[in-house]
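Note: the block below is coords.txt and it holds compact mmCIF, C-alpha atoms.
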# COMPACT_ATOMS: atom_id res chain seq x y z
CA MET A 1 -36.24 -235.76 -35.80
CA ARG A 2 -39.32 -237.07 -34.04
CA LYS A 3 -41.20 -233.85 -34.57
CA ALA A 4 -43.75 -235.35 -36.90
CA PHE A 5 -44.71 -238.02 -34.41
CA GLU A 6 -44.64 -235.72 -31.40
CA SER A 7 -46.85 -233.17 -33.08
CA PHE A 8 -49.29 -235.92 -33.87
CA ASP A 9 -51.85 -235.54 -31.11
CA GLU A 10 -54.52 -237.96 -30.05
CA ALA A 11 -57.18 -236.36 -32.27
CA GLY A 12 -54.84 -236.69 -35.25
CA ARG A 13 -54.19 -240.32 -34.46
CA ASP A 14 -57.93 -240.97 -34.21
CA GLU A 15 -58.47 -239.33 -37.59
CA LEU A 16 -55.75 -241.44 -39.14
CA ALA A 17 -57.15 -244.59 -37.54
CA LYS A 18 -60.55 -243.72 -39.00
CA ASP A 19 -59.11 -243.25 -42.48
CA LEU A 20 -57.19 -246.52 -42.27
CA GLU A 21 -60.27 -248.31 -41.03
CA ALA A 22 -62.20 -247.00 -44.04
CA LEU A 23 -59.42 -248.11 -46.35
CA LEU A 24 -59.38 -251.59 -44.82
CA GLU A 25 -63.14 -251.75 -45.25
CA ASP A 26 -62.78 -250.72 -48.88
CA ARG A 27 -59.98 -253.17 -49.77
CA ASN A 28 -61.00 -256.16 -47.68
CA ILE A 29 -62.21 -259.05 -49.83
CA SER A 30 -62.53 -261.64 -47.06
CA GLY A 31 -66.32 -261.64 -46.90
CA ASP A 32 -66.18 -262.51 -43.20
CA GLY A 33 -64.70 -261.01 -40.04
CA THR A 34 -61.11 -261.47 -41.13
CA LEU A 35 -58.85 -259.25 -43.17
CA VAL A 36 -57.73 -260.25 -46.66
CA ALA A 37 -56.42 -257.19 -48.45
CA PRO A 38 -54.56 -257.88 -51.70
CA SER A 39 -51.82 -255.35 -52.30
CA ALA A 40 -50.37 -254.76 -55.75
CA TYR A 41 -46.63 -254.72 -56.20
CA LEU A 42 -44.18 -254.54 -59.06
CA GLU A 43 -41.72 -257.38 -59.41
CA ALA A 44 -38.73 -256.22 -61.43
CA VAL A 45 -35.57 -257.97 -62.58
CA ALA A 46 -32.87 -255.88 -64.23
CA SER A 47 -29.71 -257.14 -65.87
CA ARG A 48 -26.67 -255.09 -65.13
CA LYS A 49 -24.34 -254.03 -67.95
CA MET B 1 -43.19 -220.11 -49.53
CA ALA B 2 -39.56 -221.11 -49.40
CA MET B 3 -38.27 -223.42 -52.06
CA GLN B 4 -37.63 -226.99 -51.07
CA GLU B 5 -34.11 -227.54 -49.87
CA ARG B 6 -31.94 -229.33 -52.36
CA GLU B 7 -30.50 -231.52 -49.64
CA PRO B 8 -33.15 -232.39 -47.05
CA ASP B 9 -31.91 -233.82 -43.76
CA LEU B 10 -32.20 -237.44 -44.79
CA SER B 11 -30.17 -238.77 -41.90
CA ALA B 12 -32.90 -237.55 -39.54
CA VAL B 13 -35.53 -239.24 -41.72
CA LYS B 14 -33.56 -242.46 -41.60
CA GLU B 15 -33.13 -242.29 -37.85
CA ARG B 16 -36.87 -241.85 -37.40
CA GLN B 17 -37.56 -244.76 -39.75
CA GLN B 18 -35.22 -247.01 -37.80
CA GLU B 19 -37.03 -246.24 -34.57
CA MET B 20 -40.36 -246.89 -36.25
CA TRP B 21 -39.38 -250.23 -37.78
CA ALA B 22 -37.90 -251.34 -34.47
CA THR B 23 -41.07 -250.67 -32.49
CA GLY B 24 -43.86 -252.42 -34.38
CA ASN B 25 -44.24 -256.12 -34.85
CA PHE B 26 -43.14 -255.84 -38.44
CA ALA B 27 -41.87 -259.38 -38.66
CA ARG B 28 -45.48 -260.50 -38.38
CA ILE B 29 -46.42 -258.29 -41.31
CA GLY B 30 -43.36 -259.41 -43.26
CA ASN B 31 -44.28 -263.04 -42.74
CA ASN B 32 -47.44 -262.36 -44.74
CA HIS B 33 -45.28 -261.64 -47.77
CA VAL B 34 -42.89 -264.59 -47.82
CA ILE B 35 -44.52 -265.50 -51.12
CA ALA B 36 -43.20 -262.30 -52.73
CA SER B 37 -39.66 -263.25 -51.70
CA GLU B 38 -39.99 -266.78 -53.06
CA LEU B 39 -41.41 -265.49 -56.35
CA LEU B 40 -38.68 -262.87 -56.64
CA CYS B 41 -36.01 -265.56 -56.26
CA GLU B 42 -37.69 -267.55 -59.03
CA ALA B 43 -37.91 -264.47 -61.26
CA ALA B 44 -34.25 -263.66 -60.66
CA ASP B 45 -33.43 -267.24 -61.71
CA LEU B 46 -31.07 -267.88 -58.82
CA ARG B 47 -28.54 -270.70 -59.13
CA ALA B 48 -26.83 -272.61 -56.36
CA GLY B 49 -23.53 -271.10 -55.37
CA GLN B 50 -24.35 -267.59 -56.58
CA ARG B 51 -23.42 -264.81 -54.25
CA VAL B 52 -26.61 -262.95 -53.33
CA LEU B 53 -27.20 -259.78 -51.33
CA ASP B 54 -30.61 -259.02 -49.82
CA VAL B 55 -30.75 -255.29 -49.12
CA ALA B 56 -33.01 -254.18 -46.25
CA THR B 57 -33.71 -257.82 -45.48
CA GLY B 58 -35.98 -257.05 -42.51
CA SER B 59 -36.95 -260.36 -40.94
CA GLY B 60 -34.87 -262.15 -43.58
CA ASN B 61 -37.58 -263.39 -45.96
CA THR B 62 -35.69 -262.92 -49.21
CA ALA B 63 -32.26 -263.84 -47.86
CA ILE B 64 -33.71 -267.09 -46.54
CA ALA B 65 -35.56 -267.78 -49.83
CA ALA B 66 -32.25 -267.34 -51.67
CA ALA B 67 -30.43 -269.61 -49.20
CA ARG B 68 -33.09 -272.27 -49.82
CA ARG B 69 -31.88 -272.26 -53.42
CA GLY B 70 -28.32 -272.98 -52.40
CA CYS B 71 -27.00 -269.45 -52.80
CA GLU B 72 -24.29 -267.89 -50.71
CA VAL B 73 -26.31 -265.14 -49.09
CA VAL B 74 -25.75 -261.92 -47.19
CA GLY B 75 -28.83 -260.29 -45.64
CA MET B 76 -28.40 -256.69 -44.56
CA ASP B 77 -30.64 -254.29 -42.65
CA TYR B 78 -30.25 -251.12 -40.60
CA VAL B 79 -32.39 -252.42 -37.70
CA PRO B 80 -30.16 -254.58 -35.47
CA GLY B 81 -33.16 -256.29 -33.84
CA TRP B 82 -34.30 -257.60 -37.21
CA ILE B 83 -30.87 -258.92 -38.03
CA GLU B 84 -30.95 -260.98 -34.84
CA TYR B 85 -34.45 -262.22 -35.66
CA ALA B 86 -33.47 -263.14 -39.23
CA ARG B 87 -30.40 -264.99 -37.96
CA LYS B 88 -32.59 -267.12 -35.70
CA ARG B 89 -34.97 -267.91 -38.55
CA ALA B 90 -32.15 -269.04 -40.84
CA GLY B 91 -30.71 -271.05 -37.95
CA MET B 92 -33.99 -272.93 -37.61
CA GLU B 93 -33.53 -274.15 -41.19
CA HIS B 94 -29.86 -274.93 -40.54
CA MET B 95 -28.80 -272.49 -43.21
CA GLU B 96 -25.72 -270.34 -43.11
CA VAL B 97 -26.76 -266.83 -44.05
CA ALA B 98 -24.56 -263.88 -43.13
CA PHE B 99 -26.90 -261.34 -41.54
CA GLU B 100 -25.26 -257.96 -41.08
CA VAL B 101 -26.21 -254.47 -40.01
CA GLY B 102 -25.71 -251.86 -42.73
CA ASP B 103 -27.18 -248.93 -44.63
CA ALA B 104 -28.88 -249.37 -48.02
CA GLU B 105 -27.53 -245.99 -49.08
CA ASP B 106 -23.97 -246.89 -48.17
CA LEU B 107 -23.59 -250.63 -48.64
CA PRO B 108 -20.63 -251.98 -46.70
CA TYR B 109 -19.46 -254.16 -49.62
CA PRO B 110 -16.89 -253.77 -52.40
CA ASP B 111 -17.83 -252.97 -55.98
CA ALA B 112 -19.16 -255.89 -58.06
CA SER B 113 -19.12 -258.27 -55.09
CA PHE B 114 -22.48 -259.99 -55.75
CA ASP B 115 -23.95 -261.96 -58.65
CA VAL B 116 -27.48 -260.97 -57.66
CA VAL B 117 -28.75 -258.10 -55.55
CA LEU B 118 -32.31 -258.39 -54.24
CA SER B 119 -34.67 -256.32 -52.14
CA THR B 120 -38.28 -257.06 -51.24
CA PHE B 121 -40.28 -254.09 -49.95
CA GLY B 122 -36.95 -252.92 -48.58
CA VAL B 123 -34.73 -250.55 -50.54
CA MET B 124 -37.85 -248.64 -51.66
CA PHE B 125 -37.94 -247.07 -48.18
CA ALA B 126 -34.48 -245.52 -48.40
CA PRO B 127 -35.02 -241.75 -48.26
CA ASN B 128 -32.35 -241.02 -50.88
CA GLN B 129 -33.63 -243.13 -53.76
CA GLU B 130 -30.93 -242.21 -56.26
CA LYS B 131 -28.15 -243.03 -53.80
CA ALA B 132 -29.77 -246.35 -52.89
CA ALA B 133 -30.18 -247.30 -56.58
CA SER B 134 -26.57 -246.41 -57.33
CA GLU B 135 -25.46 -248.64 -54.44
CA LEU B 136 -27.45 -251.60 -55.82
CA LEU B 137 -25.67 -251.11 -59.14
CA ARG B 138 -22.26 -250.65 -57.56
CA VAL B 139 -22.20 -253.93 -55.63
CA CYS B 140 -23.72 -255.98 -58.49
CA ARG B 141 -21.15 -257.48 -60.85
CA PRO B 142 -21.32 -256.72 -64.59
CA GLY B 143 -23.80 -259.18 -66.13
CA GLY B 144 -25.40 -259.77 -62.74
CA ARG B 145 -29.03 -259.16 -61.86
CA ILE B 146 -30.95 -256.81 -59.60
CA GLY B 147 -34.35 -258.09 -58.44
CA LEU B 148 -36.86 -255.93 -56.64
CA ALA B 149 -40.37 -256.22 -55.24
CA ASN B 150 -41.86 -252.78 -54.69
CA TRP B 151 -45.36 -251.82 -53.55
CA MET B 152 -47.30 -249.97 -56.27
CA PRO B 153 -49.03 -246.64 -55.66
CA ASP B 154 -52.47 -247.91 -56.67
CA GLY B 155 -52.40 -250.98 -54.42
CA PHE B 156 -53.57 -251.34 -50.83
CA THR B 157 -50.17 -250.46 -49.40
CA GLY B 158 -49.84 -247.45 -51.70
CA ALA B 159 -53.28 -246.22 -50.61
CA MET B 160 -52.28 -246.73 -47.00
CA PHE B 161 -49.17 -244.59 -47.45
CA GLN B 162 -51.31 -241.88 -49.02
CA ALA B 163 -53.72 -241.98 -46.07
CA ILE B 164 -50.81 -241.69 -43.63
CA ALA B 165 -49.18 -238.87 -45.63
CA LYS B 166 -52.44 -236.93 -45.42
CA HIS B 167 -52.06 -236.82 -41.64
CA VAL B 168 -48.29 -236.92 -41.30
CA PRO B 169 -46.85 -235.13 -44.32
CA PRO B 170 -43.52 -236.61 -45.41
CA PRO B 171 -40.48 -234.38 -44.87
CA PRO B 172 -39.86 -232.02 -47.79
CA GLY B 173 -37.58 -233.43 -50.44
CA VAL B 174 -38.32 -237.07 -49.62
CA LYS B 175 -39.98 -238.90 -52.50
CA SER B 176 -42.74 -241.40 -51.88
CA PRO B 177 -41.39 -244.96 -51.51
CA VAL B 178 -44.10 -246.33 -53.80
CA ILE B 179 -42.73 -244.61 -56.89
CA TRP B 180 -40.28 -247.56 -56.92
CA GLY B 181 -43.42 -249.48 -57.88
CA VAL B 182 -43.97 -247.34 -60.99
CA GLU B 183 -42.46 -249.08 -64.00
CA ASP B 184 -41.09 -245.88 -65.54
CA ARG B 185 -39.24 -244.96 -62.37
CA LEU B 186 -36.80 -247.86 -62.51
CA PRO B 187 -35.11 -246.86 -65.79
CA GLU B 188 -34.75 -243.39 -64.27
CA LEU B 189 -33.05 -244.83 -61.22
CA PHE B 190 -30.79 -247.29 -63.05
CA GLY B 191 -30.10 -245.17 -66.12
CA GLU B 192 -27.69 -246.62 -68.66
CA GLU B 193 -26.30 -249.17 -66.23
CA ILE B 194 -28.80 -251.91 -67.10
CA PHE B 195 -29.48 -253.61 -70.43
CA SER B 196 -32.82 -255.21 -69.66
CA LEU B 197 -35.71 -254.81 -67.26
CA ASP B 198 -38.52 -257.35 -66.87
CA THR B 199 -41.48 -256.36 -64.76
CA THR B 200 -44.56 -258.21 -63.54
CA ARG B 201 -47.50 -256.85 -61.62
CA ARG B 202 -48.35 -259.13 -58.71
CA GLU B 203 -50.39 -259.08 -55.55
CA SER B 204 -49.56 -260.16 -52.05
CA CYS B 205 -52.25 -260.22 -49.37
CA PHE B 206 -52.33 -258.70 -45.95
CA ALA B 207 -54.20 -261.50 -44.29
CA THR B 208 -52.87 -262.09 -40.84
CA PHE B 209 -55.30 -260.26 -38.68
CA ARG B 210 -58.80 -260.84 -37.50
CA ARG B 211 -60.71 -257.60 -37.63
CA ALA B 212 -63.38 -257.93 -34.98
CA THR B 213 -61.97 -256.31 -31.85
CA SER B 214 -60.25 -252.94 -31.47
CA SER B 215 -58.77 -253.02 -34.96
CA PRO B 216 -55.41 -254.64 -34.30
CA ALA B 217 -54.92 -254.60 -38.06
CA SER B 218 -55.04 -250.85 -38.39
CA ALA B 219 -52.90 -250.46 -35.29
CA HIS B 220 -50.17 -252.59 -36.81
CA ILE B 221 -50.50 -251.41 -40.35
CA SER B 222 -50.61 -247.72 -39.48
CA ALA B 223 -47.21 -248.11 -37.88
CA ARG B 224 -45.80 -249.27 -41.17

Translate this file's structure into structure tokens.
Amino acid sequence: MRKAFESFDEAGRDELAKDLEALLEDRNISGDGTLVAPSAYLEAVASRK
Amino acid sequence: MAMQEREPDLSAVKERQQEMWATGNFARIGNNHVIASELLCEAADLRAGQRVLDVATGSGNTAIAAARRGCEVVGMDYVPGWIEYARKRAGMEHMEVAFEVGDAEDLPYPDASFDVVLSTFGVMFAPNQEKAASELLRVCRPGGRIGLANWMPDGFTGAMFQAIAKHVPPPPGVKSPVIWGVEDRLPELFGEEIFSLDTTRRESCFATFRRATSSPASAHISAR
């Protein structure tokens, strides 16, 4: 069950960290050294029959 | 290439998720999104005395927001550590919220036992989406409401999941959680069991972390 994590070697983790870093860079609107990353979500209210 | 199995081993997926949620400091991330819980309670038009279930309550944000409105609330999650944490938070506000351990795909409650069923960035992570949706419907009374806040694929969180999936492909047969954030997906999941669906696109910010040293933000967020 933990195969995915176990097979994830250090190089893989570094690659992922790099991609996430790039994403943070891309989405960060703070304009300073902090992180402010707005994340879109769908708010939904359904009425049950 | 072999065809995808019709029934992937979702219990293994769930077990791995539980371990993952229990390891990171997810409460700290969740605390960034209290606003989504408060807004969801407003959108669901909660009234004092209503019986409310918060599915996959995590650190208790939505259960506590509902209790602040005088509702009779049950908060449920499959990570026991979070249930303890949520209980302490509610205790600090002197509110009686029943926090219980349970599975979103097999809710430990009778049919039609809640007026309102809520989930904020919670039920969307259940590996068997159809089963989880049918459970939301089952425990909600006729005429009751189901309120959800789900990350959208094109938002920051959606992009983050895509980046992670590139490196750690999701198990075959498991749909992406963020399709719960696609408007057309909800009628698919709820079918003929609902008579109305109101949706609003909103944003909630990840804004806890300073970014200067050793990227604590990416360390935390990658775990999610």

Compare B:Ala36, B:Val174, B:Val97, B:Ala163 by their minimum atom-to-atom distance to Ala40 in chain A, counting all atoms listed in the file, and give me the closest one.
->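 For Ala40 in chain A, the nearest of the candidates is B:Ala36.
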
Which is closer to chain A than all the others in B:Asn128, B:Ser176, B:Ser59, B:Thr157, using all atoms listed in the file?
->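 Of all the options, B:Thr157 lies closest to chain A.
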
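Taking CA of Val101 in chain B and CA of Ser37 in chain B as the two end points, the separation is 19.9 Å.
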
Determine, for each residue of chain B having at least one atom at most 8 Å from an atom of chain A, the closest pair of atoms and their separation in Å to one decimal, counting all atoms listed in the file; order by chain and ascending number, as CSV.
residue,atom,partner,partner_atom,distance
B:Ala12,CA,A:Met1,CA,5.3
B:Val13,CA,A:Met1,CA,6.9
B:Glu15,CA,A:Met1,CA,7.5
B:Arg16,CA,A:Met1,CA,6.3
B:Leu40,CA,A:Glu43,CA,6.9
B:Ala43,CA,A:Val45,CA,7.0
B:Ala44,CA,A:Val45,CA,6.1
B:Leu137,CA,A:Arg48,CA,7.3
B:Cys140,CA,A:Arg48,CA,7.3
B:Arg141,CA,A:Arg48,CA,7.4
B:Pro142,CA,A:Lys49,CA,5.3
B:Gly143,CA,A:Arg48,CA,5.1
B:Gly144,CA,A:Arg48,CA,5.4
B:Arg145,CA,A:Ser47,CA,4.5
B:Ile146,CA,A:Ala46,CA,5.1
B:Gly147,CA,A:Val45,CA,4.3
B:Leu148,CA,A:Ala44,CA,5.2
B:Ala149,CA,A:Glu43,CA,4.5
B:Asn150,CA,A:Leu42,CA,5.3
B:Trp151,CA,A:Tyr41,CA,4.1
B:Met152,CA,A:Tyr41,CA,4.8
B:Asp154,CA,A:Ala40,CA,7.2
B:Gly155,CA,A:Ala40,CA,4.5
B:Phe156,CA,A:Ser39,CA,4.6
B:Thr157,CA,A:Ser39,CA,5.9
B:Ala159,CA,A:Leu23,CA,7.7
B:Met160,CA,A:Leu20,CA,6.8
B:Ala163,CA,A:Asp19,CA,6.6
B:Ile164,CA,A:Leu16,CA,6.7
B:His167,CA,A:Leu16,CA,6.4
B:Val168,CA,A:Ala4,CA,6.5
B:Gly181,CA,A:Leu42,CA,5.3
B:Val182,CA,A:Leu42,CA,7.5
B:Glu183,CA,A:Leu42,CA,7.6
B:Glu193,CA,A:Lys49,CA,5.5
B:Ile194,CA,A:Arg48,CA,4.3
B:Phe195,CA,A:Lys49,CA,5.7
B:Ser196,CA,A:Ser47,CA,5.3
B:Leu197,CA,A:Ala46,CA,4.3
B:Asp198,CA,A:Val45,CA,5.2
B:Thr199,CA,A:Ala44,CA,4.3
B:Thr200,CA,A:Glu43,CA,5.1
B:Arg201,CA,A:Leu42,CA,4.8
B:Arg202,CA,A:Tyr41,CA,5.4
B:Glu203,CA,A:Ala40,CA,4.3
B:Ser204,CA,A:Ser39,CA,5.3
B:Cys205,CA,A:Pro38,CA,4.0
B:Phe206,CA,A:Ala37,CA,5.0
B:Ala207,CA,A:Val36,CA,4.4
B:Thr208,CA,A:Leu35,CA,7.0
B:Phe209,CA,A:Leu35,CA,5.8
B:Arg210,CA,A:Thr34,CA,4.3
B:Arg211,CA,A:Thr34,CA,5.2
B:Ala212,CA,A:Gly33,CA,6.1
B:Ser215,CA,A:Glu21,CA,7.8
B:Ala217,CA,A:Leu35,CA,7.9
B:Ser218,CA,A:Leu20,CA,6.2
B:Ala219,CA,A:Ala17,CA,7.6
B:Ser222,CA,A:Leu20,CA,7.2

Quick one: everything within 10 Å of Glu100 in chain B, counting only C-alpha atoms, minus sequence neighbours fewer than 6 positions away in the same chain. Send it as a ChimeraX atom specification.
-> /B:57,74-80,82-84,86-87,108

Could you please determine the separation between CA of Pro127 in chain B and CA of Lys14 in chain B in Å, to one decimal place?
->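 Rounded to one decimal, the two atoms are 6.9 Å apart.
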
Please indicate the distance in Å from CA of Phe99 in chain B to CA of Leu189 in chain B, rounded to one decimal place.
->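 Pair CA of Phe99 in chain B / CA of Leu189 in chain B returns 26.4 Å.
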
Specify the axis-aligned box that encloses all atoms of range 22-30 of chain A listed in the file after padding of 4 Å on each side, stating its centre and edge lengths in Å to one decimal as lines of an AutoDock Vina configuration file.
center_x = -61.3
center_y = -254.3
center_z = -46.9
size_x = 11.8
size_y = 22.6
size_z = 13.8
